[in-house]
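A.B. asks: My file is work-v4.pdb. It has PDB, C-alpha atoms, pLDDT in the B column:
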```pdb
ATOM      1  CA  ASP A  10     -17.752  -2.642 -21.785  1.00 65.00           C
ATOM      2  CA  ALA A  11     -14.734  -3.350 -23.920  1.00 85.00           C
ATOM      3  CA  GLY A  12     -14.273  -6.908 -25.062  1.00 95.00           C
ATOM      4  CA  VAL A  13     -11.022  -8.777 -25.368  1.00 97.00           C
ATOM      5  CA  ILE A  14      -8.478  -6.678 -27.218  1.00 97.00           C
ATOM      6  CA  GLN A  15      -5.750  -8.170 -29.369  1.00 98.00           C
ATOM      7  CA  SER A  16      -2.939  -6.556 -31.277  1.00 97.00           C
ATOM      8  CA  PRO A  17      -1.816  -6.517 -33.931  1.00 97.00           C
ATOM      9  CA  ARG A  18      -4.781  -7.652 -36.029  1.00 97.00           C
ATOM     10  CA  HIS A  19      -2.497  -8.699 -38.861  1.00 97.00           C
ATOM     11  CA  GLU A  20       1.188  -9.536 -38.823  1.00 97.00           C
ATOM     12  CA  VAL A  21       3.364 -10.457 -41.758  1.00 98.00           C
ATOM     13  CA  THR A  22       6.911 -11.433 -40.997  1.00 97.00           C
ATOM     14  CA  GLU A  23       9.771 -13.391 -42.424  1.00 97.00           C
ATOM     15  CA  MET A  24      10.934 -16.763 -41.272  1.00 97.00           C
ATOM     16  CA  GLY A  25      13.340 -16.523 -38.366  1.00 97.00           C
ATOM     17  CA  GLN A  26      11.956 -13.274 -37.001  1.00 97.00           C
ATOM     18  CA  GLU A  27      10.500 -12.873 -33.529  1.00 97.00           C
ATOM     19  CA  VAL A  28       6.757 -12.304 -33.313  1.00 98.00           C
ATOM     20  CA  THR A  29       4.899 -10.974 -30.276  1.00 98.00           C
ATOM     21  CA  LEU A  30       1.126 -11.104 -30.028  1.00 98.00           C
ATOM     22  CA  ARG A  31      -0.655  -9.119 -27.354  1.00 98.00           C
ATOM     23  CA  CYS A  32      -3.907  -9.519 -25.480  1.00 98.00           C
ATOM     24  CA  LYS A  33      -5.902  -7.501 -22.986  1.00 98.00           C
ATOM     25  CA  PRO A  34      -8.630  -9.594 -21.347  1.00 98.00           C
ATOM     26  CA  ILE A  35     -11.998  -8.361 -20.181  1.00 97.00           C
ATOM     27  CA  SER A  36     -11.659  -6.561 -16.866  1.00 96.00           C
ATOM     28  CA  GLY A  37     -12.509  -8.837 -13.944  1.00 95.00           C
ATOM     29  CA  HIS A  38     -11.933 -12.062 -15.795  1.00 96.00           C
ATOM     30  CA  ASP A  39      -9.532 -14.404 -14.041  1.00 94.00           C
ATOM     31  CA  TYR A  40      -8.866 -16.864 -16.855  1.00 94.00           C
ATOM     32  CA  LEU A  41      -7.030 -16.137 -20.089  1.00 96.00           C
ATOM     33  CA  PHE A  42      -6.664 -18.566 -22.957  1.00 96.00           C
ATOM     34  CA  TRP A  43      -4.572 -18.563 -26.138  1.00 97.00           C
ATOM     35  CA  TYR A  44      -5.914 -20.560 -29.101  1.00 97.00           C
ATOM     36  CA  ARG A  45      -4.622 -21.130 -32.601  1.00 97.00           C
ATOM     37  CA  GLN A  46      -6.825 -21.762 -35.631  1.00 97.00           C
ATOM     38  CA  THR A  47      -5.613 -23.398 -38.828  1.00 96.00           C
ATOM     39  CA  MET A  48      -7.413 -25.121 -41.656  1.00 92.00           C
ATOM     40  CA  MET A  49      -5.621 -28.378 -40.952  1.00 92.00           C
ATOM     41  CA  ARG A  50      -6.003 -28.555 -37.166  1.00 92.00           C
ATOM     42  CA  GLY A  51      -8.990 -26.361 -36.464  1.00 92.00           C
ATOM     43  CA  LEU A  52      -9.105 -24.531 -33.126  1.00 93.00           C
ATOM     44  CA  GLU A  53      -6.616 -25.747 -30.580  1.00 93.00           C
ATOM     45  CA  LEU A  54      -5.745 -24.496 -27.128  1.00 94.00           C
ATOM     46  CA  LEU A  55      -2.128 -23.465 -26.689  1.00 96.00           C
ATOM     47  CA  ILE A  56      -1.980 -22.329 -23.070  1.00 96.00           C
ATOM     48  CA  TYR A  57      -4.171 -20.859 -20.376  1.00 95.00           C
ATOM     49  CA  PHE A  58      -3.655 -18.789 -17.252  1.00 96.00           C
ATOM     50  CA  ASN A  59      -5.573 -18.447 -14.012  1.00 94.00           C
ATOM     51  CA  ASN A  60      -4.918 -15.300 -12.000  1.00 95.00           C
ATOM     52  CA  ASN A  61      -1.850 -14.640 -14.163  1.00 96.00           C
ATOM     53  CA  VAL A  62      -0.347 -18.085 -13.473  1.00 96.00           C
ATOM     54  CA  PRO A  63       0.116 -20.539 -16.368  1.00 95.00           C
ATOM     55  CA  ILE A  64      -1.974 -23.614 -15.641  1.00 93.00           C
ATOM     56  CA  ASP A  65      -1.670 -25.775 -18.725  1.00 92.00           C
ATOM     57  CA  ASP A  66       0.784 -25.231 -21.553  1.00 93.00           C
ATOM     58  CA  SER A  67       0.547 -28.718 -22.999  1.00 92.00           C
ATOM     59  CA  GLY A  68      -0.772 -27.303 -26.261  1.00 92.00           C
ATOM     60  CA  MET A  69       2.250 -25.128 -26.920  1.00 95.00           C
ATOM     61  CA  PRO A  70       3.808 -26.618 -30.056  1.00 88.00           C
ATOM     62  CA  GLU A  71       7.440 -26.389 -29.086  1.00 85.00           C
ATOM     63  CA  ASP A  72      10.039 -24.319 -27.310  1.00 91.00           C
ATOM     64  CA  ARG A  73       9.820 -21.612 -29.911  1.00 96.00           C
ATOM     65  CA  PHE A  74       6.524 -20.596 -28.348  1.00 97.00           C
ATOM     66  CA  SER A  75       6.289 -18.830 -25.020  1.00 97.00           C
ATOM     67  CA  ALA A  76       3.525 -16.955 -23.222  1.00 98.00           C
ATOM     68  CA  LYS A  77       3.493 -14.608 -20.279  1.00 97.00           C
ATOM     69  CA  MET A  78       0.923 -12.804 -18.212  1.00 98.00           C
ATOM     70  CA  PRO A  79       2.713 -10.179 -16.133  1.00 97.00           C
ATOM     71  CA  ASN A  80      -0.529  -8.749 -14.742  1.00 96.00           C
ATOM     72  CA  ALA A  81      -4.273  -9.224 -14.846  1.00 96.00           C
ATOM     73  CA  SER A  82      -4.732  -6.968 -17.837  1.00 96.00           C
ATOM     74  CA  PHE A  83      -2.043  -8.081 -20.241  1.00 97.00           C
ATOM     75  CA  SER A  84      -0.657 -11.216 -21.845  1.00 98.00           C
ATOM     76  CA  THR A  85       1.784 -11.929 -24.641  1.00 98.00           C
ATOM     77  CA  LEU A  86       2.411 -14.890 -26.897  1.00 98.00           C
ATOM     78  CA  LYS A  87       5.853 -14.907 -28.425  1.00 98.00           C
ATOM     79  CA  ILE A  88       7.235 -17.002 -31.253  1.00 97.00           C
ATOM     80  CA  GLN A  89      11.003 -17.009 -31.677  1.00 97.00           C
ATOM     81  CA  PRO A  90      12.127 -17.880 -34.276  1.00 96.00           C
ATOM     82  CA  SER A  91       9.002 -17.940 -36.418  1.00 97.00           C
ATOM     83  CA  GLU A  92       8.488 -20.501 -39.182  1.00 96.00           C
ATOM     84  CA  PRO A  93       6.030 -20.623 -42.109  1.00 97.00           C
ATOM     85  CA  ARG A  94       4.075 -23.409 -40.405  1.00 96.00           C
ATOM     86  CA  ASP A  95       3.248 -20.974 -37.597  1.00 97.00           C
ATOM     87  CA  SER A  96       0.991 -19.076 -40.001  1.00 97.00           C
ATOM     88  CA  ALA A  97      -2.472 -19.116 -38.443  1.00 98.00           C
ATOM     89  CA  VAL A  98      -5.055 -17.016 -36.655  1.00 98.00           C
ATOM     90  CA  TYR A  99      -4.234 -16.667 -32.970  1.00 98.00           C
ATOM     91  CA  PHE A 100      -7.106 -15.954 -30.623  1.00 98.00           C
ATOM     92  CA  CYS A 101      -7.050 -14.769 -27.063  1.00 98.00           C
ATOM     93  CA  ALA A 102     -10.101 -15.437 -24.899  1.00 97.00           C
ATOM     94  CA  SER A 103     -10.999 -14.653 -21.312  1.00 96.00           C
ATOM     95  CA  SER A 104     -13.564 -15.848 -18.803  1.00 93.00           C
ATOM     96  CA  PHE A 105     -14.624 -15.564 -15.215  1.00 91.00           C
ATOM     97  CA  GLY A 106     -14.090 -19.027 -13.836  1.00 85.00           C
ATOM     98  CA  PRO A 107     -15.995 -21.685 -15.758  1.00 81.00           C
ATOM     99  CA  ASP A 108     -18.280 -19.145 -17.373  1.00 83.00           C
ATOM    100  CA  THR A 109     -18.405 -18.369 -21.049  1.00 91.00           C
ATOM    101  CA  GLN A 110     -15.123 -17.597 -22.782  1.00 94.00           C
ATOM    102  CA  TYR A 111     -15.200 -14.418 -24.826  1.00 96.00           C
ATOM    103  CA  PHE A 112     -12.835 -14.200 -27.724  1.00 97.00           C
ATOM    104  CA  GLY A 113     -10.829 -11.334 -29.082  1.00 97.00           C
ATOM    105  CA  PRO A 114     -10.854 -10.510 -32.796  1.00 96.00           C
ATOM    106  CA  GLY A 115      -7.756 -12.606 -33.422  1.00 97.00           C
ATOM    107  CA  THR A 116      -4.351 -11.921 -34.930  1.00 98.00           C
ATOM    108  CA  ARG A 117      -3.783 -13.249 -38.428  1.00 97.00           C
ATOM    109  CA  LEU A 118      -0.111 -14.217 -38.627  1.00 98.00           C
ATOM    110  CA  THR A 119       1.642 -14.871 -41.908  1.00 98.00           C
ATOM    111  CA  VAL A 120       5.234 -16.085 -41.841  1.00 98.00           C
ATOM    112  CA  LEU A 121       6.933 -15.906 -45.233  1.00 97.00           C
TER
ATOM    113  CA  ALA B  19     -10.258 -35.962 -22.568  1.00 72.00           C
ATOM    114  CA  GLN B  20     -13.213 -34.511 -24.409  1.00 80.00           C
ATOM    115  CA  LYS B  21     -14.111 -35.088 -28.015  1.00 91.00           C
ATOM    116  CA  ILE B  22     -16.584 -33.021 -30.028  1.00 95.00           C
ATOM    117  CA  THR B  23     -17.993 -34.279 -33.309  1.00 97.00           C
ATOM    118  CA  GLN B  24     -19.752 -32.153 -35.899  1.00 97.00           C
ATOM    119  CA  THR B  25     -20.607 -34.378 -38.830  1.00 95.00           C
ATOM    120  CA  GLN B  26     -22.018 -31.759 -41.194  1.00 92.00           C
ATOM    121  CA  PRO B  27     -19.222 -29.880 -42.935  1.00 91.00           C
ATOM    122  CA  GLY B  28     -21.631 -27.626 -44.818  1.00 94.00           C
ATOM    123  CA  MET B  29     -25.333 -26.869 -45.008  1.00 94.00           C
ATOM    124  CA  PHE B  30     -27.617 -24.729 -47.129  1.00 96.00           C
ATOM    125  CA  VAL B  31     -30.813 -23.251 -45.744  1.00 97.00           C
ATOM    126  CA  GLN B  32     -33.485 -21.056 -47.246  1.00 97.00           C
ATOM    127  CA  GLU B  33     -34.019 -17.656 -45.693  1.00 97.00           C
ATOM    128  CA  LYS B  34     -36.718 -17.688 -42.980  1.00 97.00           C
ATOM    129  CA  GLU B  35     -36.462 -21.450 -42.512  1.00 97.00           C
ATOM    130  CA  ALA B  36     -35.037 -23.239 -39.479  1.00 97.00           C
ATOM    131  CA  VAL B  37     -31.792 -25.199 -39.522  1.00 97.00           C
ATOM    132  CA  THR B  38     -30.386 -27.741 -37.083  1.00 98.00           C
ATOM    133  CA  LEU B  39     -26.670 -28.182 -36.610  1.00 98.00           C
ATOM    134  CA  ASP B  40     -25.575 -31.469 -35.105  1.00 98.00           C
ATOM    135  CA  CYS B  41     -23.081 -31.869 -32.295  1.00 98.00           C
ATOM    136  CA  THR B  42     -22.190 -34.958 -30.314  1.00 97.00           C
ATOM    137  CA  TYR B  43     -19.639 -35.150 -27.563  1.00 96.00           C
ATOM    138  CA  ASP B  44     -17.760 -37.635 -25.482  1.00 94.00           C
ATOM    139  CA  THR B  45     -16.592 -36.989 -21.953  1.00 90.00           C
ATOM    140  CA  SER B  46     -16.086 -38.775 -18.664  1.00 88.00           C
ATOM    141  CA  ASP B  47     -16.822 -35.624 -16.686  1.00 87.00           C
ATOM    142  CA  GLN B  48     -20.120 -35.447 -14.822  1.00 88.00           C
ATOM    143  CA  SER B  49     -20.258 -31.679 -14.856  1.00 90.00           C
ATOM    144  CA  TYR B  50     -19.554 -29.834 -18.051  1.00 92.00           C
ATOM    145  CA  GLY B  51     -20.673 -26.953 -20.207  1.00 93.00           C
ATOM    146  CA  LEU B  52     -21.624 -26.948 -23.867  1.00 95.00           C
ATOM    147  CA  PHE B  53     -21.199 -23.872 -26.036  1.00 96.00           C
ATOM    148  CA  TRP B  54     -21.905 -22.762 -29.553  1.00 98.00           C
ATOM    149  CA  TYR B  55     -19.890 -20.077 -31.293  1.00 98.00           C
ATOM    150  CA  LYS B  56     -20.411 -18.377 -34.639  1.00 98.00           C
ATOM    151  CA  GLN B  57     -17.525 -17.376 -36.858  1.00 97.00           C
ATOM    152  CA  PRO B  58     -18.547 -15.153 -39.794  1.00 97.00           C
ATOM    153  CA  SER B  59     -16.256 -14.563 -42.735  1.00 95.00           C
ATOM    154  CA  SER B  60     -14.754 -11.597 -40.907  1.00 94.00           C
ATOM    155  CA  GLY B  61     -13.138 -14.105 -38.544  1.00 94.00           C
ATOM    156  CA  GLU B  62     -14.242 -13.193 -35.039  1.00 95.00           C
ATOM    157  CA  MET B  63     -15.627 -15.843 -32.674  1.00 96.00           C
ATOM    158  CA  ILE B  64     -19.041 -14.856 -31.358  1.00 97.00           C
ATOM    159  CA  PHE B  65     -20.593 -16.637 -28.391  1.00 96.00           C
ATOM    160  CA  LEU B  66     -24.164 -17.745 -29.083  1.00 97.00           C
ATOM    161  CA  ILE B  67     -25.502 -20.026 -26.384  1.00 97.00           C
ATOM    162  CA  TYR B  68     -24.567 -22.113 -23.354  1.00 95.00           C
ATOM    163  CA  GLN B  69     -25.986 -25.294 -21.805  1.00 95.00           C
ATOM    164  CA  GLY B  70     -24.878 -26.769 -18.510  1.00 93.00           C
ATOM    165  CA  SER B  71     -24.885 -30.520 -18.108  1.00 93.00           C
ATOM    166  CA  TYR B  72     -27.158 -30.286 -15.080  1.00 92.00           C
ATOM    167  CA  ASP B  73     -29.584 -27.833 -16.661  1.00 90.00           C
ATOM    168  CA  GLU B  74     -32.954 -29.499 -17.065  1.00 87.00           C
ATOM    169  CA  GLN B  75     -34.296 -26.997 -19.540  1.00 93.00           C
ATOM    170  CA  ASN B  76     -32.919 -26.547 -23.023  1.00 96.00           C
ATOM    171  CA  ALA B  77     -31.159 -23.217 -23.405  1.00 96.00           C
ATOM    172  CA  THR B  78     -32.627 -20.535 -25.648  1.00 97.00           C
ATOM    173  CA  GLU B  79     -31.233 -17.177 -26.757  1.00 96.00           C
ATOM    174  CA  GLY B  80     -33.436 -15.321 -29.190  1.00 97.00           C
ATOM    175  CA  ARG B  81     -33.519 -17.301 -32.440  1.00 98.00           C
ATOM    176  CA  TYR B  82     -31.015 -19.821 -31.089  1.00 98.00           C
ATOM    177  CA  SER B  83     -31.987 -22.865 -29.085  1.00 97.00           C
ATOM    178  CA  LEU B  84     -29.981 -25.827 -27.962  1.00 97.00           C
ATOM    179  CA  ASN B  85     -31.526 -29.280 -28.175  1.00 96.00           C
ATOM    180  CA  PHE B  86     -29.732 -31.033 -25.324  1.00 96.00           C
ATOM    181  CA  GLN B  87     -30.069 -34.796 -25.042  1.00 95.00           C
ATOM    182  CA  LYS B  88     -27.758 -35.852 -22.265  1.00 94.00           C
ATOM    183  CA  ALA B  89     -28.240 -39.606 -22.583  1.00 93.00           C
ATOM    184  CA  ARG B  90     -27.371 -39.425 -26.261  1.00 95.00           C
ATOM    185  CA  LYS B  91     -24.574 -36.940 -25.598  1.00 95.00           C
ATOM    186  CA  SER B  92     -25.850 -34.549 -28.201  1.00 96.00           C
ATOM    187  CA  ALA B  93     -26.200 -30.767 -28.141  1.00 97.00           C
ATOM    188  CA  ASN B  94     -27.704 -29.666 -31.418  1.00 98.00           C
ATOM    189  CA  LEU B  95     -28.107 -25.990 -32.268  1.00 98.00           C
ATOM    190  CA  VAL B  96     -31.347 -24.865 -33.832  1.00 98.00           C
ATOM    191  CA  ILE B  97     -31.466 -21.536 -35.643  1.00 98.00           C
ATOM    192  CA  SER B  98     -35.023 -20.449 -36.339  1.00 97.00           C
ATOM    193  CA  ALA B  99     -36.121 -18.016 -39.045  1.00 97.00           C
ATOM    194  CA  SER B 100     -32.727 -17.960 -40.764  1.00 97.00           C
ATOM    195  CA  GLN B 101     -31.389 -14.638 -41.982  1.00 97.00           C
ATOM    196  CA  LEU B 102     -28.731 -13.891 -44.567  1.00 97.00           C
ATOM    197  CA  GLY B 103     -26.499 -12.692 -41.746  1.00 97.00           C
ATOM    198  CA  ASP B 104     -26.547 -16.181 -40.258  1.00 98.00           C
ATOM    199  CA  SER B 105     -24.225 -17.391 -43.007  1.00 98.00           C
ATOM    200  CA  ALA B 106     -21.099 -18.376 -41.104  1.00 98.00           C
ATOM    201  CA  MET B 107     -19.121 -21.235 -39.596  1.00 97.00           C
ATOM    202  CA  TYR B 108     -20.609 -22.623 -36.377  1.00 98.00           C
ATOM    203  CA  PHE B 109     -18.553 -24.378 -33.737  1.00 97.00           C
ATOM    204  CA  CYS B 110     -19.734 -26.617 -30.943  1.00 97.00           C
ATOM    205  CA  ALA B 111     -17.455 -26.656 -27.898  1.00 96.00           C
ATOM    206  CA  MET B 112     -17.310 -28.201 -24.457  1.00 93.00           C
ATOM    207  CA  SER B 113     -15.447 -27.578 -21.230  1.00 90.00           C
ATOM    208  CA  PRO B 114     -15.421 -29.330 -17.864  1.00 84.00           C
ATOM    209  CA  ARG B 115     -16.963 -27.474 -14.952  1.00 76.00           C
ATOM    210  CA  SER B 116     -14.465 -28.687 -12.416  1.00 74.00           C
ATOM    211  CA  ASN B 117     -11.004 -27.167 -12.240  1.00 66.00           C
ATOM    212  CA  ASP B 118     -10.060 -27.328 -15.908  1.00 74.00           C
ATOM    213  CA  TYR B 119     -11.976 -24.912 -18.057  1.00 80.00           C
ATOM    214  CA  LYS B 120     -10.306 -25.273 -21.408  1.00 84.00           C
ATOM    215  CA  LEU B 121     -12.619 -25.542 -24.389  1.00 89.00           C
ATOM    216  CA  SER B 122     -12.499 -28.413 -26.840  1.00 92.00           C
ATOM    217  CA  PHE B 123     -13.945 -27.546 -30.240  1.00 94.00           C
ATOM    218  CA  GLY B 124     -15.577 -29.491 -33.006  1.00 95.00           C
ATOM    219  CA  ALA B 125     -14.487 -29.101 -36.619  1.00 95.00           C
ATOM    220  CA  GLY B 126     -17.331 -26.714 -37.367  1.00 96.00           C
ATOM    221  CA  THR B 127     -20.273 -26.550 -39.777  1.00 97.00           C
ATOM    222  CA  THR B 128     -20.535 -23.953 -42.516  1.00 97.00           C
ATOM    223  CA  VAL B 129     -24.048 -22.590 -42.953  1.00 98.00           C
ATOM    224  CA  THR B 130     -25.051 -20.735 -46.091  1.00 98.00           C
ATOM    225  CA  VAL B 131     -28.405 -18.972 -46.085  1.00 97.00           C
ATOM    226  CA  ARG B 132     -30.007 -18.538 -49.484  1.00 97.00           C
ATOM    227  CA  ALA B 133     -32.367 -15.665 -50.319  1.00 94.00           C
TER
END
```
Is it possible to express this structure as structure tokens?
C.D. replies:
Amino acid sequence: DAGVIQSPRHEVTEMGQEVTLRCKPISGHDYLFWYRQTMMRGLELLIYFNNNVPIDDSGMPEDRFSAKMPNASFSTLKIQPSEPRDSAVYFCASSFGPDTQYFGPGTRLTVL
Amino acid sequence: AQKITQTQPGMFVQEKEAVTLDCTYDTSDQSYGLFWYKQPSSGEMIFLIYQGSYDEQNATEGRYSLNFQKARKSANLVISASQLGDSAMYFCAMSPRSNDYKLSFGAGTTVTVRA
């Protein structure tokens, strides 16, 4: 079975540009999570969805960040406008209820 | 709110020896899950092992075992017979088992296996 799929794997952009990260969860999973990993803050949850509905977005840094899940097999995390401090690895993970969360390979974002 | 503490930033272990990675947690939830993930230098997060708060037996998965001491709120990972491929960052994480399943992570422990 395919795991969680994320694209792109690497993104380099300039400050002020819009960035869209994409995620396809494992089929049948009803929870989808977006995490960000930085050296300074470690792994932190940004937002998570249950059955495509956002449940908790308290970790979203600010209004420049937005996330959507239009259907059970696709989610996006958008940053507009991007800033250098947004540089990080962004992970998508999915689970079936409270079971184990499986992570995608991550998107390494660099904002110049 | 949950808090996960990993006090060992880095560890060295000889190949074929066992290593224990410490993890303590703090939560007011009665039902929760404890997880360990491995992050090699390539960056992916690999699930290793899970322990439920009501599980009476310590979890084991191959060379990985979880030493769960509920009263002490500790969930240490033991890797037996270390291999060079075990060199990685290891994260302890916890989530409630009620209606909020978000994971809280520790800072991680870097393990380096020496030949």
A.B. asks: Only residues of chain B matter here; which ones have an atom within 8 Å of chain A, counting only C-alpha atoms? Give them as a compact mmCIF listing (two decimals) with C-alpha atoms, in the coordinates of the input.
C.D. replies:
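For reference, part-v2.txt as written:
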```txt
# COMPACT_ATOMS: atom_id res chain seq x y z
CA PHE B 53 -21.20 -23.87 -26.04
CA GLY B 61 -13.14 -14.10 -38.54
CA GLU B 62 -14.24 -13.19 -35.04
CA MET B 63 -15.63 -15.84 -32.67
CA ILE B 64 -19.04 -14.86 -31.36
CA PHE B 65 -20.59 -16.64 -28.39
CA TYR B 68 -24.57 -22.11 -23.35
CA PRO B 114 -15.42 -29.33 -17.86
CA ARG B 115 -16.96 -27.47 -14.95
CA SER B 116 -14.46 -28.69 -12.42
CA TYR B 119 -11.98 -24.91 -18.06
CA LYS B 120 -10.31 -25.27 -21.41
CA LEU B 121 -12.62 -25.54 -24.39
CA SER B 122 -12.50 -28.41 -26.84
CA PHE B 123 -13.94 -27.55 -30.24
CA ALA B 125 -14.49 -29.10 -36.62
```
A.B. asks: What are the centre and the three edge lengths of an axis-aligned box that wraps all atoms of segment 89-108 of chain A in the file, given that 3 Å is added to every side, written as lines of an AutoDock Vina configuration file and rounded to one decimal in Å?
C.D. replies:
```
center_x = -3.1
center_y = -19.0
center_z = -28.0
size_x = 36.4
size_y = 14.8
size_z = 34.3
```
A.B. asks: Distance atom CA of Gly12 of chain A-atom CA of Phe83 of chain A, one decimal place?
C.D. replies: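 A separation of 13.2 Å between them.
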A.B. asks: Just the residues within 12 Å of Thr45 of chain B, please, counting all atoms listed in the file, with nothing from its chain fewer than 5 positions along; format it as a list of chain:residue names.
C.D. replies: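 Those residues are B:Ala19, B:Gln20, B:Lys21, B:Ile22, B:Thr23, B:Tyr50, B:Gly51, B:Leu52, B:Ser71, B:Lys88, B:Ala89, B:Arg90, B:Lys91, B:Ser92, B:Ala111, B:Met112, B:Ser113, B:Pro114, B:Arg115, B:Ser122.
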A.B. asks: How many Å lie between atom CA of Gln24 of chain B and atom CA of Cys41 of chain B, rounded to one decimal?
C.D. replies: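 Computed distance, atom CA of Gln24 of chain B to atom CA of Cys41 of chain B, equals 4.9 Å.
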A.B. asks: How many Å separate atom CA of Phe109 of chain B from atom CA of Ser82 of chain A?
C.D. replies: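 Those two atoms sit 27.3 Å apart.
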A.B. asks: For the PyMOL selection byres ((chain A and resi 11) around 9), applied here, can you spell out every residue it catches as a list in words?
C.D. replies: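 For this structure, the PyMOL selection byres ((chain A and resi 11) around 9) resolves to Asp10, Gly12, Val13, Ile14, Ile35 and Ser36 of chain A.
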A.B. asks: So which residues get picked by the PyMOL selection byres ((chain A and resi 85) around 9) here, written as a list in words?
C.D. replies: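 So the PyMOL selection byres ((chain A and resi 85) around 9) ends up selecting Thr29, Leu30, Arg31, Cys32, Ser75, Ala76, Lys77, Met78, Pro79, Phe83, Ser84, Leu86 and Lys87 of chain A.
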A.B. asks: For the structure shown, which residues end up in the PyMOL selection byres ((chain B and resi 38) around 6)? Put them as a PDB file with C-alpha atoms, in the coordinates of the input, please?
C.D. replies:
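Saved result, result_16.pdb, follows:
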```
ATOM      1  CA  VAL B  37     -31.792 -25.199 -39.522  1.00 97.00           C
ATOM      2  CA  LEU B  39     -26.670 -28.182 -36.610  1.00 98.00           C
ATOM      3  CA  LEU B  95     -28.107 -25.990 -32.268  1.00 98.00           C
ATOM      4  CA  VAL B  96     -31.347 -24.865 -33.832  1.00 98.00           C
TER       5      VAL B  96
END
```
A.B. asks: Please list as a list in words every residue within 7 Å of Met29 of chain B, counting only C-alpha atoms and excluding residues in the same chain fewer than 6 positions away.
C.D. replies: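 Within the cut-off, the hits are Thr128, Val129 and Thr130 of chain B.
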